[in-house]
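Undergrad: What follows is input-v4.cif, made up of mmCIF, C-alpha atoms:
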data_data
loop_
_atom_site.group_PDB
_atom_site.id
_atom_site.type_symbol
_atom_site.label_atom_id
_atom_site.label_comp_id
_atom_site.auth_asym_id
_atom_site.auth_seq_id
_atom_site.Cartn_x
_atom_site.Cartn_y
_atom_site.Cartn_z
ATOM 1 C CA MET S 12 18.513 53.059 -3.005
ATOM 2 C CA LEU S 13 17.444 54.731 -6.225
ATOM 3 C CA VAL S 14 14.248 56.811 -6.006
ATOM 4 C CA LEU S 15 12.213 57.537 -9.132
ATOM 5 C CA GLY S 16 10.030 60.622 -8.721
ATOM 6 C CA LYS S 17 8.956 62.926 -5.909
ATOM 7 C CA LYS S 18 5.435 61.875 -5.056
ATOM 8 C CA TYR S 19 6.606 61.602 -1.461
ATOM 9 C CA ASP S 20 9.236 64.028 -0.158
ATOM 10 C CA PHE S 21 11.524 62.428 2.392
ATOM 11 C CA THR S 22 12.187 64.566 5.457
ATOM 12 C CA GLU S 23 15.739 65.355 6.575
ATOM 13 C CA LEU S 24 15.238 63.053 9.559
ATOM 14 C CA GLU S 25 14.191 60.212 7.258
ATOM 15 C CA LEU S 26 17.095 60.709 4.862
ATOM 16 C CA LYS S 27 19.425 60.572 7.872
ATOM 17 C CA LYS S 28 17.875 57.275 9.003
ATOM 18 C CA LEU S 29 18.026 55.827 5.491
ATOM 19 C CA SER S 30 21.657 56.850 5.054
ATOM 20 C CA ASN S 31 22.492 54.440 7.881
ATOM 21 C CA LYS S 32 20.863 51.601 5.918
ATOM 22 C CA PHE S 33 21.927 52.474 2.358
ATOM 23 C CA GLU S 34 25.382 53.571 1.228
ATOM 24 C CA GLU S 35 23.969 55.578 -1.672
ATOM 25 C CA ILE S 36 20.668 57.455 -2.052
ATOM 26 C CA SER S 37 19.976 58.839 -5.532
ATOM 27 C CA LEU S 38 16.907 60.765 -6.672
ATOM 28 C CA VAL S 39 15.763 60.798 -10.303
ATOM 29 C CA GLU S 40 13.251 63.444 -11.436
ATOM 30 C CA TYR S 41 10.330 62.114 -13.428
ATOM 31 C CA ALA S 42 7.487 64.632 -13.591
ATOM 32 C CA ASN S 43 9.383 67.243 -15.627
ATOM 33 C CA ASN S 44 11.479 64.876 -17.772
ATOM 34 C CA ASN S 45 10.449 62.734 -20.717
ATOM 35 C CA SER S 46 10.515 58.962 -20.384
ATOM 36 C CA ARG S 47 13.600 58.441 -22.561
ATOM 37 C CA GLU S 48 15.736 60.884 -20.535
ATOM 38 C CA VAL S 49 14.683 59.188 -17.321
ATOM 39 C CA ARG S 50 15.543 55.731 -18.657
ATOM 40 C CA LEU S 51 18.989 56.919 -19.766
ATOM 41 C CA GLU S 52 19.656 58.507 -16.361
ATOM 42 C CA ILE S 53 18.666 55.320 -14.542
ATOM 43 C CA GLU S 54 20.890 53.257 -16.872
ATOM 44 C CA SER S 55 23.813 55.574 -16.180
ATOM 45 C CA LEU S 56 23.366 55.404 -12.385
ATOM 46 C CA LEU S 57 23.064 51.619 -12.367
ATOM 47 C CA LYS S 58 26.339 51.301 -14.305
ATOM 48 C CA LYS S 59 28.184 53.523 -11.820
ATOM 49 C CA ARG S 60 26.782 52.201 -8.527
ATOM 50 C CA SER S 61 25.136 49.177 -6.983
ATOM 51 C CA TYR S 62 21.611 49.728 -5.625
ATOM 52 C CA LYS S 63 19.478 47.342 -3.590
ATOM 53 C CA PHE S 64 16.158 49.046 -4.268
ATOM 54 C CA LEU S 65 14.581 51.081 -7.037
ATOM 55 C CA VAL S 66 11.708 52.946 -5.379
ATOM 56 C CA ILE S 67 8.768 53.919 -7.625
ATOM 57 C CA ASN S 68 7.827 57.295 -6.173
ATOM 58 C CA THR S 69 5.888 59.022 -8.940
ATOM 59 C CA SER S 70 2.213 59.901 -9.368
ATOM 60 C CA LYS S 71 2.700 60.602 -13.077
ATOM 61 C CA ASN S 72 1.339 58.041 -15.543
ATOM 62 C CA VAL S 73 4.135 55.682 -16.559
ATOM 63 C CA ASP S 74 4.216 54.934 -20.292
ATOM 64 C CA ALA S 75 4.541 51.470 -21.862
ATOM 65 C CA LYS S 76 8.249 51.928 -22.657
ATOM 66 C CA MET S 77 9.039 52.746 -19.028
ATOM 67 C CA ILE S 78 7.112 49.690 -17.830
ATOM 68 C CA LYS S 79 9.022 47.493 -20.298
ATOM 69 C CA PHE S 80 12.307 49.089 -19.203
ATOM 70 C CA LEU S 81 11.607 48.419 -15.511
ATOM 71 C CA THR S 82 10.591 44.840 -16.265
ATOM 72 C CA ILE S 83 13.848 44.224 -18.136
ATOM 73 C CA LEU S 84 15.807 45.727 -15.244
ATOM 74 C CA GLN S 85 14.376 43.099 -12.913
ATOM 75 C CA PHE S 86 15.910 40.369 -15.083
ATOM 76 C CA ARG S 87 19.193 42.132 -15.884
ATOM 77 C CA PHE S 88 19.990 42.943 -12.282
ATOM 78 C CA TYR S 89 18.465 39.855 -10.675
ATOM 79 C CA LYS S 90 21.865 38.528 -9.583
ATOM 80 C CA LYS S 91 22.726 41.909 -8.070
ATOM 81 C CA ARG S 92 19.462 41.648 -6.125
ATOM 82 C CA LEU S 93 17.984 44.942 -7.334
ATOM 83 C CA LYS S 94 14.384 45.036 -6.128
ATOM 84 C CA ILE S 95 11.723 47.329 -7.535
ATOM 85 C CA ILE S 96 9.358 48.518 -4.806
ATOM 86 C CA THR S 97 6.589 51.119 -4.559
ATOM 87 C CA ILE S 98 6.964 54.081 -2.212
ATOM 88 C CA GLU S 99 4.001 52.797 -0.191
ATOM 89 C CA LYS S 100 5.670 49.469 0.581
ATOM 90 C CA PHE S 101 9.076 51.105 1.043
ATOM 91 C CA LEU S 102 7.803 53.483 3.746
ATOM 92 C CA GLU S 103 6.209 50.646 5.673
ATOM 93 C CA LYS S 104 9.224 48.348 5.369
ATOM 94 C CA PHE S 105 12.016 50.798 6.214
ATOM 95 C CA LEU S 106 10.419 53.749 8.030
ATOM 96 C CA GLN S 107 7.459 52.011 9.727
ATOM 97 C CA LYS S 108 4.880 54.527 8.514
ATOM 98 C CA CYS S 109 1.979 54.421 6.056
ATOM 99 C CA TYR S 110 1.904 56.576 2.948
ATOM 100 C CA ILE S 111 -1.073 58.944 2.854
ATOM 101 C CA PRO S 112 -2.435 60.006 -0.566
ATOM 102 C CA ASP S 113 -2.638 63.745 -1.203
ATOM 103 C CA ASP S 114 -6.347 63.566 -1.996
ATOM 104 C CA ASN S 115 -9.442 61.564 -1.103
ATOM 105 C CA ASN S 116 -9.676 59.650 -4.389
ATOM 106 C CA ASP S 117 -7.895 56.463 -3.347
ATOM 107 C CA LEU S 118 -10.669 54.611 -1.524
ATOM 108 C CA LYS S 119 -8.603 51.388 -1.539
ATOM 109 C CA PHE S 120 -6.537 53.044 1.185
ATOM 110 C CA LEU S 121 -9.461 52.637 3.597
ATOM 111 C CA THR S 122 -9.461 48.832 3.395
ATOM 112 C CA ASP S 123 -6.062 48.490 5.059
ATOM 113 C CA ILE S 124 -6.827 50.322 8.314
ATOM 114 C CA LYS S 125 -9.062 48.449 10.756
ATOM 115 C CA PRO S 126 -9.792 48.716 14.501
ATOM 116 C CA TYR S 127 -8.497 46.066 16.890
ATOM 117 C CA ASN S 128 -10.267 42.720 16.910
ATOM 118 C CA GLY S 129 -11.621 41.243 20.157
ATOM 119 C CA PHE S 130 -8.427 39.439 21.134
ATOM 120 C CA GLU S 131 -6.199 42.440 20.356
ATOM 121 C CA PHE S 132 -8.480 44.731 22.379
ATOM 122 C CA PHE S 133 -8.328 42.274 25.308
ATOM 123 C CA ILE S 134 -4.509 42.348 25.242
ATOM 124 C CA LYS S 135 -4.567 46.148 24.964
ATOM 125 C CA ARG S 136 -6.751 46.465 28.063
ATOM 126 C CA ILE S 137 -4.476 44.177 30.092
ATOM 127 C CA ILE S 138 -1.575 46.467 29.145
ATOM 128 C CA ASP S 139 -3.749 49.510 29.926
ATOM 129 C CA TYR S 140 -4.679 48.405 33.434
ATOM 130 C CA THR S 141 -1.114 47.346 34.193
ATOM 131 C CA GLY S 142 0.251 50.671 32.983
ATOM 132 C CA ALA S 143 -2.473 52.693 34.727
ATOM 133 C CA SER S 144 -1.779 50.928 38.027
ATOM 134 C CA ILE S 145 1.917 51.797 37.799
ATOM 135 C CA LEU S 146 1.121 55.395 36.850
ATOM 136 C CA PHE S 147 -1.319 55.653 39.782
ATOM 137 C CA LEU S 148 1.438 54.671 42.220
ATOM 138 C CA VAL S 149 3.918 57.062 40.605
ATOM 139 C CA HIS S 150 1.308 59.829 40.685
ATOM 140 C CA PHE S 151 0.577 59.190 44.373
ATOM 141 C CA PHE S 152 4.223 59.599 45.402
ATOM 142 C CA ILE S 153 5.239 62.548 43.188
ATOM 143 C CA LYS S 154 2.152 64.771 43.058
ATOM 144 C CA PHE S 155 3.053 66.588 46.302
ATOM 145 C CA PHE S 156 6.538 67.407 45.031
ATOM 146 C CA ILE S 157 5.150 68.509 41.666
ATOM 147 C CA ASN S 158 2.493 70.627 43.390
ATOM 148 C CA HIS S 159 5.265 72.356 45.383
ATOM 149 C CA LYS S 160 7.349 73.057 42.256
ATOM 150 C CA ILE S 161 4.351 74.382 40.301
ATOM 151 C CA SER S 162 3.182 76.573 43.206
ATOM 152 C CA THR S 163 6.679 78.035 43.516
ATOM 153 C CA GLU S 164 7.200 78.835 39.830
ATOM 154 C CA SER S 165 3.637 79.466 38.642
ATOM 155 C CA PRO S 166 0.985 79.670 41.390
ATOM 156 C CA GLY S 167 -2.325 78.144 40.397
ATOM 157 C CA SER S 168 -3.948 74.792 39.810
ATOM 158 C CA LEU S 169 -1.987 71.531 39.821
ATOM 159 C CA TYR S 170 -3.896 69.985 36.940
ATOM 160 C CA PHE S 171 -4.864 71.135 33.473
ATOM 161 C CA THR S 172 -7.803 69.691 31.560
ATOM 162 C CA GLN S 173 -8.515 70.060 27.872
ATOM 163 C CA SER S 174 -11.122 68.745 25.470
ATOM 164 C CA ARG S 175 -9.527 66.034 23.301
ATOM 165 C CA VAL S 176 -10.886 63.848 20.499
ATOM 166 C CA GLY S 177 -11.044 60.111 21.095
ATOM 167 C CA LEU S 178 -12.649 56.954 19.731
ATOM 168 C CA ASN S 179 -15.187 57.613 16.926
ATOM 169 C CA THR S 180 -14.432 61.385 17.200
ATOM 170 C CA LYS S 181 -16.081 61.615 20.628
ATOM 171 C CA THR S 182 -14.563 64.295 22.861
ATOM 172 C CA PHE S 183 -13.422 63.789 26.451
ATOM 173 C CA GLN S 184 -11.615 65.775 29.120
ATOM 174 C CA CYS S 185 -7.912 64.881 29.206
ATOM 175 C CA TYR S 186 -5.952 65.313 32.465
ATOM 176 C CA LYS S 187 -2.379 66.619 32.680
ATOM 177 C CA PHE S 188 -0.106 68.312 35.194
ATOM 178 C CA ARG S 189 -0.158 72.012 34.351
ATOM 179 C CA THR S 190 2.987 73.135 32.495
ATOM 180 C CA MET S 191 1.985 76.647 31.364
ATOM 181 C CA HIS S 192 1.236 79.840 33.262
ATOM 182 C CA GLU S 193 -2.468 80.208 33.844
ATOM 183 C CA ASN S 194 -4.335 82.546 31.477
ATOM 184 C CA SER S 195 -1.528 82.344 28.892
ATOM 185 C CA HIS S 196 -2.257 83.726 25.409
ATOM 186 C CA HIS S 197 -3.960 81.341 23.007
ATOM 187 C CA ASN S 198 -1.776 79.399 20.568
ATOM 188 C CA PRO S 199 -2.682 75.834 19.548
ATOM 189 C CA TYR S 200 0.970 74.860 19.066
ATOM 190 C CA THR S 201 3.825 74.804 21.546
ATOM 191 C CA SER S 202 7.233 75.913 20.269
ATOM 192 C CA GLU S 203 10.732 75.483 21.648
ATOM 193 C CA ASN S 204 11.490 78.058 24.370
ATOM 194 C CA ASP S 205 7.774 78.920 24.553
ATOM 195 C CA ASP S 206 7.394 81.751 27.090
ATOM 196 C CA ARG S 207 4.049 80.345 28.258
ATOM 197 C CA VAL S 208 5.823 77.310 29.739
ATOM 198 C CA PHE S 209 7.478 77.816 33.126
ATOM 199 C CA LYS S 210 10.849 76.182 33.885
ATOM 200 C CA PHE S 211 9.656 73.073 35.722
ATOM 201 C CA GLY S 212 6.786 72.783 33.247
ATOM 202 C CA ASN S 213 9.358 72.550 30.465
ATOM 203 C CA PHE S 214 11.126 69.765 32.364
ATOM 204 C CA MET S 215 7.843 67.883 32.739
ATOM 205 C CA ARG S 216 7.157 68.199 29.014
ATOM 206 C CA LYS S 217 10.598 66.942 28.023
ATOM 207 C CA THR S 218 10.375 63.951 30.361
ATOM 208 C CA ARG S 219 6.652 63.419 29.596
ATOM 209 C CA ILE S 220 5.757 63.258 33.299
ATOM 210 C CA ASP S 221 3.040 65.871 32.707
ATOM 211 C CA GLU S 222 1.084 63.002 31.075
ATOM 212 C CA ILE S 223 0.989 60.857 34.242
ATOM 213 C CA PRO S 224 -2.498 62.002 35.402
ATOM 214 C CA GLN S 225 -3.927 60.502 32.209
ATOM 215 C CA TYR S 226 -4.044 57.159 34.035
ATOM 216 C CA LYS S 227 -7.512 58.445 35.032
ATOM 217 C CA ASN S 228 -8.497 58.587 31.343
ATOM 218 C CA ILE S 229 -7.272 55.014 30.859
ATOM 219 C CA LEU S 230 -9.372 53.746 33.768
ATOM 220 C CA LYS S 231 -12.414 55.671 32.493
ATOM 221 C CA GLY S 232 -12.017 54.044 29.068
ATOM 222 C CA ASP S 233 -11.204 57.264 27.190
ATOM 223 C CA MET S 234 -7.660 56.207 26.325
ATOM 224 C CA HIS S 235 -5.218 53.341 25.945
ATOM 225 C CA LEU S 236 -1.727 53.410 27.369
ATOM 226 C CA ILE S 237 -0.431 53.324 23.773
ATOM 227 C CA GLY S 238 -2.150 54.731 20.708
ATOM 228 C CA PRO S 239 -2.416 57.837 18.525
ATOM 229 C CA ARG S 240 -1.928 61.104 20.399
ATOM 230 C CA ALA S 241 -5.131 62.570 21.827
ATOM 231 C CA GLU S 242 -5.399 65.851 19.915
ATOM 232 C CA TRP S 243 -7.143 69.036 20.960
ATOM 233 C CA ASP S 244 -10.607 69.215 19.349
ATOM 234 C CA ILE S 245 -9.883 72.682 17.925
ATOM 235 C CA LEU S 246 -6.841 71.330 16.041
ATOM 236 C CA VAL S 247 -8.702 68.241 14.848
ATOM 237 C CA LYS S 248 -11.309 70.346 13.030
ATOM 238 C CA ASN S 249 -8.533 71.969 11.016
ATOM 239 C CA TYR S 250 -6.664 68.696 10.381
ATOM 240 C CA GLU S 251 -9.833 67.061 9.054
ATOM 241 C CA LYS S 252 -10.047 69.767 6.375
ATOM 242 C CA GLU S 253 -6.349 69.738 5.451
ATOM 243 C CA ILE S 254 -5.275 66.088 5.751
ATOM 244 C CA PRO S 255 -6.958 63.264 3.794
ATOM 245 C CA TYR S 256 -8.035 60.284 5.907
ATOM 246 C CA TYR S 257 -7.241 62.066 9.176
ATOM 247 C CA ASN S 258 -10.315 60.530 10.818
ATOM 248 C CA GLU S 259 -8.846 57.036 10.328
ATOM 249 C CA ARG S 260 -6.854 57.528 13.540
ATOM 250 C CA HIS S 261 -10.135 57.727 15.464
ATOM 251 C CA LEU S 262 -10.915 54.069 14.722
ATOM 252 C CA VAL S 263 -9.071 53.345 17.980
ATOM 253 C CA ARG S 264 -8.687 55.076 21.328
ATOM 254 C CA PRO S 265 -5.810 57.531 21.686
ATOM 255 C CA GLY S 266 -2.857 56.790 23.958
ATOM 256 C CA ILE S 267 -0.641 58.484 26.518
ATOM 257 C CA THR S 268 2.277 57.525 24.317
ATOM 258 C CA GLY S 269 2.343 56.101 20.805
ATOM 259 C CA TRP S 270 4.307 55.068 17.723
ATOM 260 C CA ALA S 271 4.090 58.590 16.283
ATOM 261 C CA GLN S 272 5.234 60.239 19.518
ATOM 262 C CA VAL S 273 8.382 58.106 19.726
ATOM 263 C CA ASN S 274 9.296 58.463 16.042
ATOM 264 C CA TYR S 275 8.592 62.102 15.234
ATOM 265 C CA PRO S 276 9.278 65.392 17.063
ATOM 266 C CA TYR S 277 6.549 67.508 18.605
ATOM 267 C CA GLY S 278 4.309 68.915 15.850
ATOM 268 C CA VAL S 279 4.100 72.650 15.091
ATOM 269 C CA ASN S 280 1.987 72.681 11.912
ATOM 270 C CA VAL S 281 -0.335 70.705 9.628
ATOM 271 C CA ASN S 282 2.566 69.050 7.796
ATOM 272 C CA ASP S 283 3.875 67.666 11.103
ATOM 273 C CA ALA S 284 0.387 66.393 11.890
ATOM 274 C CA LYS S 285 0.327 64.547 8.551
ATOM 275 C CA GLN S 286 3.721 62.983 9.229
ATOM 276 C CA LYS S 287 2.589 61.794 12.645
ATOM 277 C CA LEU S 288 -0.625 60.439 11.145
ATOM 278 C CA MET S 289 1.484 58.199 8.879
ATOM 279 C CA TYR S 290 3.048 56.625 11.968
ATOM 280 C CA ASP S 291 -0.322 56.346 13.732
ATOM 281 C CA LEU S 292 -1.851 54.508 10.780
ATOM 282 C CA TYR S 293 1.133 52.148 10.616
ATOM 283 C CA TYR S 294 0.613 51.364 14.304
ATOM 284 C CA ILE S 295 -3.082 50.604 13.770
ATOM 285 C CA LYS S 296 -2.478 48.576 10.604
ATOM 286 C CA HIS S 297 0.448 46.545 11.959
ATOM 287 C CA TRP S 298 -0.498 46.317 15.637
ATOM 288 C CA SER S 299 1.256 43.524 17.495
ATOM 289 C CA LEU S 300 2.425 42.857 21.032
ATOM 290 C CA TRP S 301 6.009 43.342 19.834
ATOM 291 C CA LEU S 302 5.157 46.807 18.427
ATOM 292 C CA GLU S 303 3.539 47.634 21.765
ATOM 293 C CA ILE S 304 6.712 46.628 23.625
ATOM 294 C CA LYS S 305 8.940 48.605 21.217
ATOM 295 C CA THR S 306 6.826 51.709 21.790
ATOM 296 C CA ILE S 307 7.121 51.357 25.571
ATOM 297 C CA PHE S 308 10.907 50.999 25.442
ATOM 298 C CA ARG S 309 11.264 53.972 23.100
ATOM 299 C CA THR S 310 9.067 56.022 25.430
ATOM 300 C CA PHE S 311 11.416 55.275 28.342
ATOM 301 C CA ALA S 312 14.376 56.274 26.148
ATOM 302 C CA ILE S 313 12.712 59.627 25.451
ATOM 303 C CA MET S 314 11.765 60.165 29.103
ATOM 304 C CA PHE S 315 15.231 59.503 30.487
ATOM 305 C CA GLY S 316 16.955 61.194 27.554
ATOM 306 C CA LYS S 317 14.593 64.181 27.880
ATOM 307 C CA LYS S 318 14.215 64.300 24.107
ATOM 308 C CA GLY S 319 10.569 65.338 24.172
ATOM 309 C CA LEU S 320 9.374 68.817 23.298
#
As structure tokens, please, write out the structure in this file.
TA:
Amino acid sequence: MLVLGKKYDFTELELKKLSNKFEEISLVEYANNNSREVRLEIESLLKKRSYKFLVINTSKNVDAKMIKFLTILQFRFYKKRLKIITIEKFLEKFLQKCYIPDDNNDLKFLTDIKPYNGFEFFIKRIIDYTGASILFLVHFFIKFFINHKISTESPGSLYFTQSRVGLNTKTFQCYKFRTMHENSHHNPYTSENDDRVFKFGNFMRKTRIDEIPQYKNILKGDMHLIGPRAEWDILVKNYEKEIPYYNERHLVRPGITGWAQVNYPYGVNVNDAKQKLMYDLYYIKHWSLWLEIKTIFRTFAIMFGKKGL
């Protein structure tokens, strides 16, 4: 793949994924170069290597000569199957995430993200009640063991509740098994080797079993089994200021697990929150039963592989 511009910066994780799909990944600067230099560089690269995609990844205005050049390329390299694609479509096709503009000026972006229709919501609730029933049984059999482990390592309450933001930005109390020492110092983000998390609490986080009590939130209608992560209301206020279109994720109920959770590591800053939002919006935009099933299987892979953070 040949990428023109840097409107979107690929993460190291994404470049690693893409390297498994494309033999060669080349980046061509556009913002600081004139159009003629860029055209010559693209010509040179296309003569040396074979590319399947030329990704338009620039926010700079493209002049008439560049448009003509790209149009001619489509004809010249038709037999070599070179496809010209925008970064927005490329991200959705190969990384299953939606591009988010850096500002609030692109109102067309809003037309693509819609809540579930009646039939989709019906299917979601069948999955919810099935999942919640299973989680209820698991909770019933393991809560005594978990209570013993927590009491031994960090005496105090078994459960932890926190105000989270749900559908239409309404807050609700989210239930979890407690994984941190009580009265720990305030920090909205959890880091690796966080000293607030006791040993068994760390195990629960990595295997995601601390989320099991959220079956109660599913039955109450606060959450789905699968959806965007239910974020702490304190963090949401900051994200709304820093990340364009952040509120789009609140068009649907949050989930115990979700497309963002199984595709991106635990977030530690606003940039991570934006990356996860891209996956959340893809999930909402492209919801299907197959995507639901994929998310469930990936969640099991994380639980048994203990890849969570």
Undergrad: Could you tell me which residues the PyMOL selection byres ((chain S and resi 221-238) around 7) returns for this structure, as a PyMOL selection string?
TA: chain S and resi 139+142-143+146-147+150+177+183+185-188+215-216+219-220+239-240+264-269
Undergrad: To one decimal in Å, tell me the separation between atom CA of S:Leu24 and atom CA of S:Arg309.
TA: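 The value is 16.8 Å.
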Undergrad: Apply the PyMOL selection byres ((chain S and resi 292) around 10) to the structure shown and report the selected residues as a PyMOL selection string.
TA: chain S and resi 107-111+123-125+238-239+256-257+259-260+262+270-271+287-291+293-298
Undergrad: Which residues, named as in the file, does the PyMOL selection byres ((chain S and resi 40) around 10) pick out? Answer as a PyMOL selection string.
TA: chain S and resi 14-17+38-39+41-45+48-49+52+68-69
Undergrad: Write out as a short mmCIF file (atom, residue, chain, number, x, y, z; two decimals) with C-alpha atoms, in the frame of the given file which residues come within 10 Å of S:Gly167 when counting all atoms listed in the file, dropping same-chain ones fewer than 3 positions away.
TA:
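Heads up, here's the output in around-v9.cif:
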data_model
loop_
_atom_site.label_atom_id
_atom_site.label_comp_id
_atom_site.auth_asym_id
_atom_site.auth_seq_id
_atom_site.Cartn_x
_atom_site.Cartn_y
_atom_site.Cartn_z
CA ASN S 158 2.49 70.63 43.39
CA ILE S 161 4.35 74.38 40.30
CA SER S 162 3.18 76.57 43.21
CA THR S 163 6.68 78.04 43.52
CA GLU S 164 7.20 78.83 39.83
CA TYR S 170 -3.90 69.98 36.94
CA ARG S 189 -0.16 72.01 34.35
CA HIS S 192 1.24 79.84 33.26
CA GLU S 193 -2.47 80.21 33.84
#
Undergrad: Restricting the calculation to all atoms listed in the file: of S:Ile157, S:Ile83, S:Ile245, S:Val66, which residue gets closest to S:Tyr19?
TA: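 That would be S:Val66, the residue with the smallest distance to S:Tyr19.
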Undergrad: In Å, rounded to a single decimal, give me how far atom CA of S:Thr122 is from atom CA of S:Ile95.
TA: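 Distance reported for this atom pair: 23.9 Å.
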Undergrad: Between atom CA of S:Asp206 and atom CA of S:Val279, measure the distance and give it in Å to one decimal.
TA: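 Computing the Euclidean distance for atom CA of S:Asp206 and atom CA of S:Val279 yields 15.4 Å.
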Undergrad: Residues within 9 Å of (-11.6, 61.3, 21.7), file coordinates, counting all atoms listed in the file: what are they? Give the list as a PyMOL selection string.
TA: chain S and resi 174-184+233-234+241-244+261+264-265
Undergrad: Here is a test: counting all atoms listed in the file, which residue of S:Gln85, S:Leu302, S:Leu246, S:Met314 is nearest to S:Ala284?
TA: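 Answer, going by the shortest atom-to-atom distance: S:Leu246.
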Undergrad: Could you give me the axis-aligned bounding box of stretch 71-83 of chain S, with 5 Å of padding per side, as centre plus edge lengths in Å to one decimal, as lines of an AutoDock Vina configuration file?
TA:
center_x = 7.6
center_y = 52.4
center_z = -17.9
size_x = 22.5
size_y = 26.4
size_z = 19.6
Undergrad: I need the residue nearest S:Lys63 from this list: S:Ile145, S:Val263, S:Met77, S:Leu13. Use only C-alpha atoms for the distance.
TA: S:Leu13
Undergrad: Which of these residues is nearest to S:Arg92, using all atoms listed in the file: S:Gln272, S:Ser37, S:Ser70, S:Ser61?
TA: S:Ser61
Undergrad: For S:Tyr127, which of S:Ser299, S:Glu35, S:Gln286, S:Lys71 is the closest residue, counting all atoms listed in the file?
TA: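 Closest candidate: S:Ser299.
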